[in-house]
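Chemist: Quick one, coords-v4.pdb (PDB, C-alpha atoms):
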```
ATOM      1  CA  MET A   1    -141.009 154.586  58.946
ATOM      2  CA  TYR A   2    -140.027 158.161  59.837
ATOM      3  CA  ARG A   3    -141.329 159.445  56.512
ATOM      4  CA  THR A   4    -144.692 157.869  57.287
ATOM      5  CA  LEU A   5    -144.611 159.377  60.748
ATOM      6  CA  SER A   6    -143.770 162.852  59.465
ATOM      7  CA  THR A   7    -146.583 162.603  56.874
ATOM      8  CA  MET A   8    -148.973 161.587  59.640
ATOM      9  CA  ALA A   9    -147.793 164.460  61.830
ATOM     10  CA  ALA A  10    -148.305 166.943  58.975
ATOM     11  CA  LEU A  11    -151.803 165.577  58.393
ATOM     12  CA  ILE A  12    -152.626 165.825  62.089
ATOM     13  CA  VAL A  13    -151.342 169.419  62.262
ATOM     14  CA  PHE A  14    -153.510 170.264  59.226
ATOM     15  CA  ILE A  15    -156.636 168.749  60.836
ATOM     16  CA  VAL A  16    -155.961 170.537  64.139
ATOM     17  CA  ALA A  17    -155.411 173.840  62.320
ATOM     18  CA  SER A  18    -158.682 173.413  60.395
ATOM     19  CA  LEU A  19    -160.610 172.632  63.562
ATOM     20  CA  VAL A  20    -159.194 175.643  65.362
ATOM     21  CA  ALA A  21    -159.551 177.995  62.394
ATOM     22  CA  ALA A  22    -163.199 177.194  61.612
ATOM     23  CA  PRO A  23    -164.828 178.594  64.787
ATOM     24  CA  VAL A  24    -162.377 181.513  64.894
ATOM     25  CA  SER A  25    -163.174 182.618  61.331
ATOM     26  CA  HIS A  26    -166.892 182.188  62.082
ATOM     27  CA  ALA A  27    -166.589 184.392  65.160
ATOM     28  CA  VAL A  28    -164.689 187.067  63.258
ATOM     29  CA  SER A  29    -167.158 187.124  60.375
ATOM     30  CA  SER A  30    -170.178 187.245  62.682
ATOM     31  CA  GLU A  31    -168.646 190.120  64.632
ATOM     32  CA  GLN A  32    -167.941 192.041  61.451
ATOM     33  CA  GLY A  33    -171.387 191.325  60.051
ATOM     34  CA  GLN A  34    -173.249 192.732  63.029
ATOM     35  CA  LEU A  35    -172.809 196.397  62.340
ATOM     36  CA  LYS A  36    -173.280 198.493  59.240
ATOM     37  CA  PRO A  37    -171.303 201.770  59.110
ATOM     38  CA  ASP A  38    -174.387 204.019  59.009
ATOM     39  CA  ASP A  39    -176.129 202.369  61.941
ATOM     40  CA  SER A  40    -174.145 204.107  64.671
ATOM     41  CA  SER A  41    -175.215 207.550  63.405
ATOM     42  CA  LEU A  42    -178.783 206.757  64.490
ATOM     43  CA  TYR A  43    -177.843 207.549  68.063
ATOM     44  CA  SER A  44    -176.085 210.849  68.518
ATOM     45  CA  LEU A  45    -175.254 210.457  72.177
ATOM     46  CA  VAL A  46    -175.199 207.266  74.172
ATOM     47  CA  THR A  47    -174.052 207.347  77.770
ATOM     48  CA  MET A  48    -173.567 204.283  79.906
ATOM     49  CA  ASP A  49    -171.396 202.864  82.623
ATOM     50  CA  CYS A  50    -169.826 200.003  80.687
ATOM     51  CA  LEU A  51    -168.882 198.008  83.771
ATOM     52  CA  GLU A  52    -172.398 198.266  85.163
ATOM     53  CA  VAL A  53    -173.986 197.358  81.817
ATOM     54  CA  LYS A  54    -171.743 194.303  81.416
ATOM     55  CA  PHE A  55    -172.431 193.227  84.995
ATOM     56  CA  LYS A  56    -176.179 193.428  84.356
ATOM     57  CA  LEU A  57    -175.876 191.621  81.033
ATOM     58  CA  ASN A  58    -173.953 188.841  82.766
ATOM     59  CA  ASP A  59    -176.777 188.563  85.279
ATOM     60  CA  VAL A  60    -179.355 188.416  82.455
ATOM     61  CA  HIS A  61    -177.266 185.723  80.746
ATOM     62  CA  ARG A  62    -177.219 183.569  83.885
ATOM     63  CA  ARG A  63    -180.993 183.885  84.379
ATOM     64  CA  ASP A  64    -181.645 183.189  80.701
ATOM     65  CA  LYS A  65    -179.623 179.982  80.877
ATOM     66  CA  LEU A  66    -181.798 178.731  83.722
ATOM     67  CA  ALA A  67    -184.989 179.778  81.896
ATOM     68  CA  ARG A  68    -183.792 177.989  78.750
ATOM     69  CA  VAL A  69    -183.074 174.776  80.694
ATOM     70  CA  THR A  70    -186.362 174.885  82.653
ATOM     71  CA  LEU A  71    -188.552 175.758  79.666
ATOM     72  CA  GLY A  72    -186.709 173.260  77.458
ATOM     73  CA  GLN A  73    -187.353 170.455  79.954
ATOM     74  CA  GLY A  74    -191.015 171.459  80.238
ATOM     75  CA  TYR A  75    -191.525 171.520  76.470
ATOM     76  CA  ASP A  76    -189.662 168.238  75.987
ATOM     77  CA  ASN A  77    -191.884 166.581  78.578
ATOM     78  CA  ALA A  78    -195.033 168.008  76.999
ATOM     79  CA  SER A  79    -193.989 166.901  73.522
ATOM     80  CA  THR A  80    -192.482 163.490  74.237
ATOM     81  CA  ASN A  81    -194.163 162.279  77.408
ATOM     82  CA  LEU A  82    -197.633 163.720  76.910
ATOM     83  CA  MET A  83    -198.557 164.609  73.306
ATOM     84  CA  GLY A  84    -196.466 161.860  71.691
ATOM     85  CA  ARG A  85    -197.738 159.203  74.065
ATOM     86  CA  LEU A  86    -201.407 160.172  73.767
ATOM     87  CA  ASN A  87    -201.019 160.133  69.983
ATOM     88  CA  SER A  88    -199.467 156.642  70.154
ATOM     89  CA  ARG A  89    -202.355 155.459  72.277
ATOM     90  CA  ILE A  90    -204.878 156.925  69.833
ATOM     91  CA  VAL A  91    -203.186 155.092  66.950
ATOM     92  CA  GLU A  92    -202.968 151.875  68.992
ATOM     93  CA  ASN A  93    -206.708 152.052  69.694
ATOM     94  CA  LYS A  94    -207.372 152.721  65.984
ATOM     95  CA  LEU A  95    -209.109 156.056  66.641
ATOM     96  CA  ASP A  96    -209.101 159.173  64.497
ATOM     97  CA  GLY A  97    -206.779 161.719  66.116
ATOM     98  CA  GLY A  98    -205.505 163.513  63.011
ATOM     99  CA  GLY A  99    -206.037 166.966  64.496
ATOM    100  CA  LEU A 100    -204.051 166.150  67.618
ATOM    101  CA  ILE A 101    -201.218 164.609  65.616
ATOM    102  CA  LYS A 102    -200.985 167.715  63.423
ATOM    103  CA  ILE A 103    -200.799 170.078  66.405
ATOM    104  CA  ALA A 104    -198.156 167.853  68.028
ATOM    105  CA  ALA A 105    -196.076 168.024  64.822
ATOM    106  CA  ASP A 106    -196.420 171.832  64.744
ATOM    107  CA  PHE A 107    -195.377 171.944  68.387
ATOM    108  CA  GLU A 108    -192.235 169.927  67.633
ATOM    109  CA  LYS A 109    -191.374 172.281  64.748
ATOM    110  CA  SER A 110    -191.856 175.333  66.972
ATOM    111  CA  LEU A 111    -189.698 173.705  69.626
ATOM    112  CA  GLN A 112    -186.872 173.308  67.091
ATOM    113  CA  LYS A 113    -187.272 176.986  66.176
ATOM    114  CA  PHE A 114    -187.133 177.991  69.843
ATOM    115  CA  ARG A 115    -183.881 176.044  70.309
ATOM    116  CA  SER A 116    -182.263 177.535  67.230
ATOM    117  CA  ASP A 117    -183.428 181.116  67.973
ATOM    118  CA  TYR A 118    -182.162 180.832  71.531
ATOM    119  CA  THR A 119    -178.747 179.736  70.236
ATOM    120  CA  LYS A 120    -178.573 182.850  68.025
ATOM    121  CA  TYR A 121    -179.657 185.103  70.901
ATOM    122  CA  ASP A 122    -177.194 183.510  73.318
ATOM    123  CA  GLU A 123    -174.305 183.938  70.879
ATOM    124  CA  ALA A 124    -175.208 187.616  70.392
ATOM    125  CA  LEU A 125    -175.436 188.193  74.152
ATOM    126  CA  VAL A 126    -172.087 186.492  74.820
ATOM    127  CA  THR A 127    -170.466 188.571  72.040
ATOM    128  CA  LEU A 128    -171.926 191.684  73.631
ATOM    129  CA  ILE A 129    -170.582 190.770  77.076
ATOM    130  CA  LYS A 130    -167.095 190.252  75.624
ATOM    131  CA  ALA A 131    -167.156 193.262  73.268
ATOM    132  CA  ASP A 132    -165.287 196.538  73.770
ATOM    133  CA  CYS A 133    -167.754 199.009  75.219
ATOM    134  CA  GLN A 134    -165.543 201.912  76.373
ATOM    135  CA  SER A 135    -164.039 202.958  73.049
ATOM    136  CA  GLN A 136    -167.036 202.123  70.814
ATOM    137  CA  MET A 137    -170.088 203.001  72.845
ATOM    138  CA  GLN A 138    -172.408 203.697  69.893
ATOM    139  CA  THR A 139    -171.415 200.493  68.122
ATOM    140  CA  TYR A 140    -171.976 198.640  71.362
ATOM    141  CA  TYR A 141    -175.433 200.164  71.683
ATOM    142  CA  VAL A 142    -176.368 199.178  68.121
ATOM    143  CA  ASN A 143    -175.274 195.608  68.877
ATOM    144  CA  LEU A 144    -177.428 195.718  71.990
ATOM    145  CA  GLN A 145    -180.443 196.612  69.808
ATOM    146  CA  THR A 146    -179.763 193.537  67.628
ATOM    147  CA  THR A 147    -179.582 191.367  70.752
ATOM    148  CA  LYS A 148    -182.895 192.830  71.946
ATOM    149  CA  GLU A 149    -184.508 191.855  68.622
ATOM    150  CA  LEU A 150    -183.161 188.305  68.951
ATOM    151  CA  ARG A 151    -184.520 188.115  72.491
ATOM    152  CA  ALA A 152    -187.917 189.296  71.228
ATOM    153  CA  THR A 153    -187.870 186.441  68.678
ATOM    154  CA  VAL A 154    -187.201 183.920  71.467
ATOM    155  CA  TYR A 155    -190.049 185.425  73.498
ATOM    156  CA  GLY A 156    -192.308 185.107  70.440
ATOM    157  CA  ASP A 157    -191.325 181.425  70.156
ATOM    158  CA  VAL A 158    -192.267 180.839  73.800
ATOM    159  CA  LYS A 159    -195.646 182.498  73.234
ATOM    160  CA  ALA A 160    -196.219 180.404  70.083
ATOM    161  CA  LEU A 161    -195.427 177.209  71.997
ATOM    162  CA  ASP A 162    -197.842 178.211  74.739
ATOM    163  CA  ASP A 163    -200.559 178.838  72.125
ATOM    164  CA  LEU A 164    -199.930 175.408  70.598
ATOM    165  CA  MET A 165    -200.175 173.771  74.025
ATOM    166  CA  THR A 166    -203.559 175.445  74.529
ATOM    167  CA  GLN A 167    -204.665 174.429  71.010
ATOM    168  CA  TYR A 168    -203.679 170.825  71.730
ATOM    169  CA  HIS A 169    -205.664 170.828  74.950
ATOM    170  CA  GLU A 170    -208.726 172.246  73.181
ATOM    171  CA  ALA A 171    -208.420 169.604  70.426
ATOM    172  CA  TYR A 172    -208.000 166.943  73.108
ATOM    173  CA  LYS A 173    -211.222 168.053  74.831
ATOM    174  CA  ASP A 174    -213.118 167.868  71.508
ATOM    175  CA  PHE A 175    -211.611 164.450  70.823
ATOM    176  CA  ARG A 176    -212.625 163.202  74.257
ATOM    177  CA  LYS A 177    -216.165 164.501  73.763
ATOM    178  CA  THR A 178    -216.441 162.727  70.398
ATOM    179  CA  ILE A 179    -215.196 159.438  71.855
ATOM    180  CA  SER A 180    -217.585 159.706  74.818
ATOM    181  CA  VAL A 181    -220.566 160.351  72.481
ATOM    182  CA  GLU A 182    -219.583 157.380  70.313
ATOM    183  CA  GLU A 183    -219.209 155.135  73.367
ATOM    184  CA  GLU A 184    -222.621 156.222  74.661
ATOM    185  CA  LYS A 185    -224.176 155.554  71.260
ATOM    186  CA  ARG A 186    -222.613 152.097  71.126
ATOM    187  CA  ALA A 187    -223.911 151.311  74.639
ATOM    188  CA  ASN A 188    -227.426 152.435  73.675
ATOM    189  CA  ASP A 189    -227.322 150.321  70.488
ATOM    190  CA  ALA A 190    -226.240 147.292  72.502
ATOM    191  CA  ASN A 191    -229.159 147.753  74.870
TER
ATOM    192  CA  MET B 192    -114.721 138.238  54.629
ATOM    193  CA  GLN B 193    -116.355 141.425  55.897
ATOM    194  CA  THR B 194    -116.545 142.153  59.551
ATOM    195  CA  SER B 195    -118.976 144.802  60.720
ATOM    196  CA  GLU B 196    -117.939 146.982  63.590
ATOM    197  CA  PRO B 197    -120.151 146.662  66.679
ATOM    198  CA  GLU B 198    -122.353 149.761  67.270
ATOM    199  CA  PRO B 199    -121.544 151.861  70.306
ATOM    200  CA  VAL B 200    -123.807 151.267  73.295
ATOM    201  CA  LEU B 201    -125.206 154.843  73.296
ATOM    202  CA  VAL B 202    -126.276 154.645  69.629
ATOM    203  CA  LYS B 203    -127.919 151.293  70.321
ATOM    204  CA  LYS B 204    -129.868 152.801  73.233
ATOM    205  CA  LEU B 205    -131.068 155.719  71.112
ATOM    206  CA  HIS B 206    -132.165 153.381  68.333
ATOM    207  CA  SER B 207    -134.237 151.358  70.739
ATOM    208  CA  LYS B 208    -135.861 154.526  72.169
ATOM    209  CA  LYS B 209    -137.063 155.991  68.841
ATOM    210  CA  PRO B 210    -140.218 153.889  68.417
ATOM    211  CA  PHE B 211    -141.124 154.604  72.036
ATOM    212  CA  VAL B 212    -140.800 158.377  71.558
ATOM    213  CA  ALA B 213    -142.842 158.168  68.342
ATOM    214  CA  LEU B 214    -145.516 156.209  70.180
ATOM    215  CA  ILE B 215    -145.756 158.774  72.985
ATOM    216  CA  THR B 216    -145.860 161.686  70.501
ATOM    217  CA  GLY B 217    -148.569 159.935  68.501
ATOM    218  CA  ALA B 218    -150.646 159.277  71.598
ATOM    219  CA  VAL B 219    -150.386 162.917  72.701
ATOM    220  CA  LEU B 220    -151.355 164.165  69.248
ATOM    221  CA  VAL B 221    -154.324 161.792  68.989
ATOM    222  CA  SER B 222    -155.595 162.838  72.421
ATOM    223  CA  LEU B 223    -155.168 166.501  71.473
ATOM    224  CA  ILE B 224    -157.244 165.984  68.336
ATOM    225  CA  LEU B 225    -159.951 164.166  70.270
ATOM    226  CA  VAL B 226    -160.111 166.961  72.861
ATOM    227  CA  LEU B 227    -160.360 169.607  70.131
ATOM    228  CA  MET B 228    -163.061 167.650  68.333
ATOM    229  CA  SER B 229    -165.090 167.217  71.508
ATOM    230  CA  MET B 230    -164.756 170.926  72.362
ATOM    231  CA  TYR B 231    -165.886 171.802  68.839
ATOM    232  CA  LEU B 232    -168.930 169.527  69.145
ATOM    233  CA  TYR B 233    -169.668 170.870  72.653
ATOM    234  CA  ASN B 234    -169.792 174.439  71.345
ATOM    235  CA  MET B 235    -171.521 173.765  68.037
ATOM    236  CA  SER B 236    -174.218 171.360  69.277
ATOM    237  CA  GLY B 237    -175.685 173.899  71.711
ATOM    238  CA  ALA B 238    -174.702 171.802  74.742
ATOM    239  CA  ALA B 239    -172.537 174.689  75.974
ATOM    240  CA  GLN B 240    -175.626 176.864  76.289
ATOM    241  CA  LEU B 241    -177.404 174.328  78.470
ATOM    242  CA  ASP B 242    -174.373 173.628  80.630
ATOM    243  CA  LEU B 243    -174.962 174.848  84.152
ATOM    244  CA  SER B 244    -171.866 173.173  85.583
ATOM    245  CA  LEU B 245    -169.686 176.287  85.349
ATOM    246  CA  PRO B 246    -168.518 177.680  88.722
ATOM    247  CA  GLY B 247    -170.477 180.952  88.372
ATOM    248  CA  LEU B 248    -173.770 179.149  87.833
ATOM    249  CA  GLN B 249    -174.020 177.321  91.150
ATOM    250  CA  GLU B 250    -177.317 178.912  92.169
ATOM    251  CA  GLU B 251    -178.921 178.192  88.771
ATOM    252  CA  ARG B 252    -177.620 174.609  88.892
ATOM    253  CA  ILE B 253    -179.258 173.990  92.275
ATOM    254  CA  ARG B 254    -182.564 175.406  91.021
ATOM    255  CA  ALA B 255    -182.455 173.321  87.847
ATOM    256  CA  GLN B 256    -181.697 170.148  89.802
ATOM    257  CA  GLN B 257    -184.896 170.551  91.802
ATOM    258  CA  ALA B 258    -186.857 169.253  88.809
ATOM    259  CA  LYS B 259    -188.103 165.744  89.544
ATOM    260  CA  ARG B 260    -188.071 162.817  87.152
ATOM    261  CA  TYR B 261    -191.081 163.035  84.870
ATOM    262  CA  ASP B 262    -192.814 159.793  83.866
ATOM    263  CA  GLY B 263    -195.644 161.249  81.809
ATOM    264  CA  PHE B 264    -198.586 159.461  80.256
ATOM    265  CA  ASN B 265    -198.471 155.755  79.476
ATOM    266  CA  ALA B 266    -198.207 155.153  75.714
ATOM    267  CA  ALA B 267    -199.957 151.781  75.821
ATOM    268  CA  GLY B 268    -203.412 150.748  76.978
ATOM    269  CA  LYS B 269    -207.094 151.389  76.473
ATOM    270  CA  LEU B 270    -208.405 154.949  76.061
ATOM    271  CA  ASP B 271    -211.193 154.999  78.614
ATOM    272  CA  GLN B 272    -212.502 157.782  80.890
ATOM    273  CA  LYS B 273    -209.915 156.917  83.564
ATOM    274  CA  ALA B 274    -207.084 157.325  81.029
ATOM    275  CA  PHE B 275    -208.574 160.612  79.785
ATOM    276  CA  ASP B 276    -208.805 161.946  83.350
ATOM    277  CA  GLN B 277    -205.200 160.970  84.016
ATOM    278  CA  PHE B 278    -203.990 162.661  80.828
ATOM    279  CA  ASP B 279    -206.013 165.792  81.581
ATOM    280  CA  GLU B 280    -204.503 166.098  85.040
ATOM    281  CA  LEU B 281    -200.926 165.553  83.806
ATOM    282  CA  TYR B 282    -201.332 167.967  80.912
ATOM    283  CA  LYS B 283    -202.814 170.778  83.002
ATOM    284  CA  LYS B 284    -200.060 170.420  85.594
ATOM    285  CA  GLN B 285    -197.349 170.477  82.934
ATOM    286  CA  GLN B 286    -198.808 173.555  81.264
ATOM    287  CA  ALA B 287    -199.084 175.335  84.614
ATOM    288  CA  ASP B 288    -195.418 174.518  85.377
ATOM    289  CA  ILE B 289    -194.310 175.910  82.020
ATOM    290  CA  GLN B 290    -196.353 179.066  82.477
ATOM    291  CA  LYS B 291    -194.366 179.927  85.609
ATOM    292  CA  ASP B 292    -191.388 180.668  83.331
ATOM    293  CA  ILE B 293    -193.293 181.944  80.323
ATOM    294  CA  ASN B 294    -192.106 185.534  80.774
ATOM    295  CA  GLY B 295    -188.488 184.470  81.190
ATOM    296  CA  PHE B 296    -187.564 186.072  77.866
ATOM    297  CA  ASP B 297    -189.623 189.272  77.935
ATOM    298  CA  SER B 298    -187.927 192.527  76.957
ATOM    299  CA  THR B 299    -187.732 194.057  80.455
ATOM    300  CA  PRO B 300    -184.182 193.001  81.512
ATOM    301  CA  LEU B 301    -182.600 194.511  78.369
ATOM    302  CA  GLU B 302    -184.466 197.807  78.474
ATOM    303  CA  ASP B 303    -182.221 200.888  78.424
ATOM    304  CA  GLY B 304    -183.473 202.101  81.785
ATOM    305  CA  ARG B 305    -182.797 198.743  83.421
ATOM    306  CA  LEU B 306    -179.249 198.690  82.064
ATOM    307  CA  GLY B 307    -178.625 202.307  83.035
ATOM    308  CA  ILE B 308    -178.228 203.540  79.444
ATOM    309  CA  LYS B 309    -179.161 207.069  78.398
ATOM    310  CA  VAL B 310    -179.741 207.867  74.722
ATOM    311  CA  GLU B 311    -180.220 211.332  73.258
TER
END
```
Please rewrite the model in this file as structure tokens.
Modeler:
Amino acid sequence: MYRTLSTMAALIVFIVASLVAAPVSHAVSSEQGQLKPDDSSLYSLVTMDCLEVKFKLNDVHRRDKLARVTLGQGYDNASTNLMGRLNSRIVENKLDGGGLIKIAADFEKSLQKFRSDYTKYDEALVTLIKADCQSQMQTYYVNLQTTKELRATVYGDVKALDDLMTQYHEAYKDFRKTISVEEEKRANDAN
Amino acid sequence: MQTSEPEPVLVKKLHSKKPFVALITGAVLVSLILVLMSMYLYNMSGAAQLDLSLPGLQEERIRAQQAKRYDGFNAAGKLDQKAFDQFDELYKKQQADIQKDINGFDSTPLEDGRLGIKVE
């Protein structure tokens, strides 16, 4: 019985060690992969008050979290409760709404991209907040540039989603016009 | 005829306690694994990034909670002018709400000047 127990304990310790080691090794590799040796020479002199910079970055992080939650809810509602439902209704009424369905699918894809890009940006920002700024100011600044690029990608995703929402609305207006014309035609034929 | 000596009382007590100790240790280990697994999933799934329940995020949490329940457009029914009008109204309102936060990720907050960084 005790042999079985000790085998089980060894197995459990192995699983625990694997679970703990996986994120740690990921974090280490991502930290190492962020900076190439030549990059820091791009900036000859960088001066900053590290405490102030980290305080401001923390503030940005808090505001970004709220923006991510608010925008995420808005996009989810638009995709699931508006586009998806109108598309279902179009299919149920046996109408041709291919254009709308395509835009809705593109919107969903862009939404996935926004979520994944935000995750990358958030990880970079958190790493930056925790990183050593005092002794490696240039390295810190180069990492800040990478974070800025990731933020720009997220901003691009938001703009793309907004464009798709406008496209969907335009396609919806065309669709509505077509249906109204057809209905009018049918009414005239009946008379 | 063999006669076995009776075990001392202390040894008997220890023998009876062993399965109990093993049970407790097992339960602690299992709960530890479950906690680690849930923490791993919490961090890897992206839920950690949407979690506003941390003590430092009280203000953000209150603002996020102001969002009302959203029912949206009904998925079933006829597509007549009334339904189109309803959809139009809901869609425009939703888009306007989203556009309030559309510049939430612009480059301004990370600009060097904003962060007090000087580069030469």
Chemist: Rounded to one decimal in Å, what is the spacing between atom CA of A:Thr139 and atom CA of B:Thr299?
Modeler: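 Separation between atom CA of A:Thr139 and atom CA of B:Thr299: 21.4 Å.
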Chemist: Could you list the residues chosen by the PyMOL selection byres ((chain B and resi 261) around 12) in this structure as a list in words?
Modeler: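 Applied to this file, the PyMOL selection byres ((chain B and resi 261) around 12) returns Gln73, Gly74, Tyr75, Asp76, Asn77, Ala78, Thr80, Asn81 and Leu82 of chain A; Gln257, Ala258, Lys259, Arg260, Asp262, Gly263, Phe264, Asn265, Leu281, Lys284 and Gln285 of chain B.
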Chemist: Taking the file as shown, what set of residues would the ChimeraX specification (/B :<7) & /A give back, as a count of residues only?
Modeler: 34
Chemist: The centre and edge lengths of an axis-aligned box containing all atoms of stretch 63-79 of chain A present in the file, extended by 8 Å on each side, are to be given in Å to one decimal, as JSON.
Modeler:
```
{"center_x": -187.3, "center_y": 175.2, "center_z": 79.0, "size_x": 31.4, "size_y": 33.3, "size_z": 26.9}
```
Chemist: Within 8 Å of A:Asn87, counting only C-alpha atoms, which residues show up once you throw out same-chain ones fewer than 2 positions away? Write them as a list in words, please.
Modeler: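 Using only C-alpha atoms, the neighbours found are Met83, Gly84, Arg85, Arg89, Ile90, Val91, Gly97, Leu100 and Ile101 of chain A.
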Chemist: What does the distance between atom CA of A:Lys54 and atom CA of A:Lys159 come to in Å, to one decimal place?
Modeler: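 Atom CA of A:Lys159 lies 27.9 Å from atom CA of A:Lys54.
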Chemist: Run the PyMOL selection byres ((chain A and resi 111) around 9) on the file and write out the hits as a list of chain:residue names.
Modeler: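 On this input, the PyMOL selection byres ((chain A and resi 111) around 9) captures A:Gly72, A:Tyr75, A:Asp76, A:Ser79, A:Asp106, A:Phe107, A:Glu108, A:Lys109, A:Ser110, A:Gln112, A:Lys113, A:Phe114, A:Arg115, A:Ser116, A:Asp157, A:Val158, A:Leu161.
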Chemist: Which neighbours of A:Tyr172 fall inside 9 Å, counting all atoms listed in the file, when residues of the same chain fewer than 3 positions from it are skipped, and could you give them as an NGL selection string?
Modeler: (:A and (97 or 99-100 or 167-169 or 175-177)) or (:B and (279))
Chemist: Rounded to one decimal place, report the atom CA of B:Lys273-atom CA of A:Ile179 distance in Å.
Modeler: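 Spanning atom CA of B:Lys273 to atom CA of A:Ile179 is a straight-line distance of 13.1 Å.
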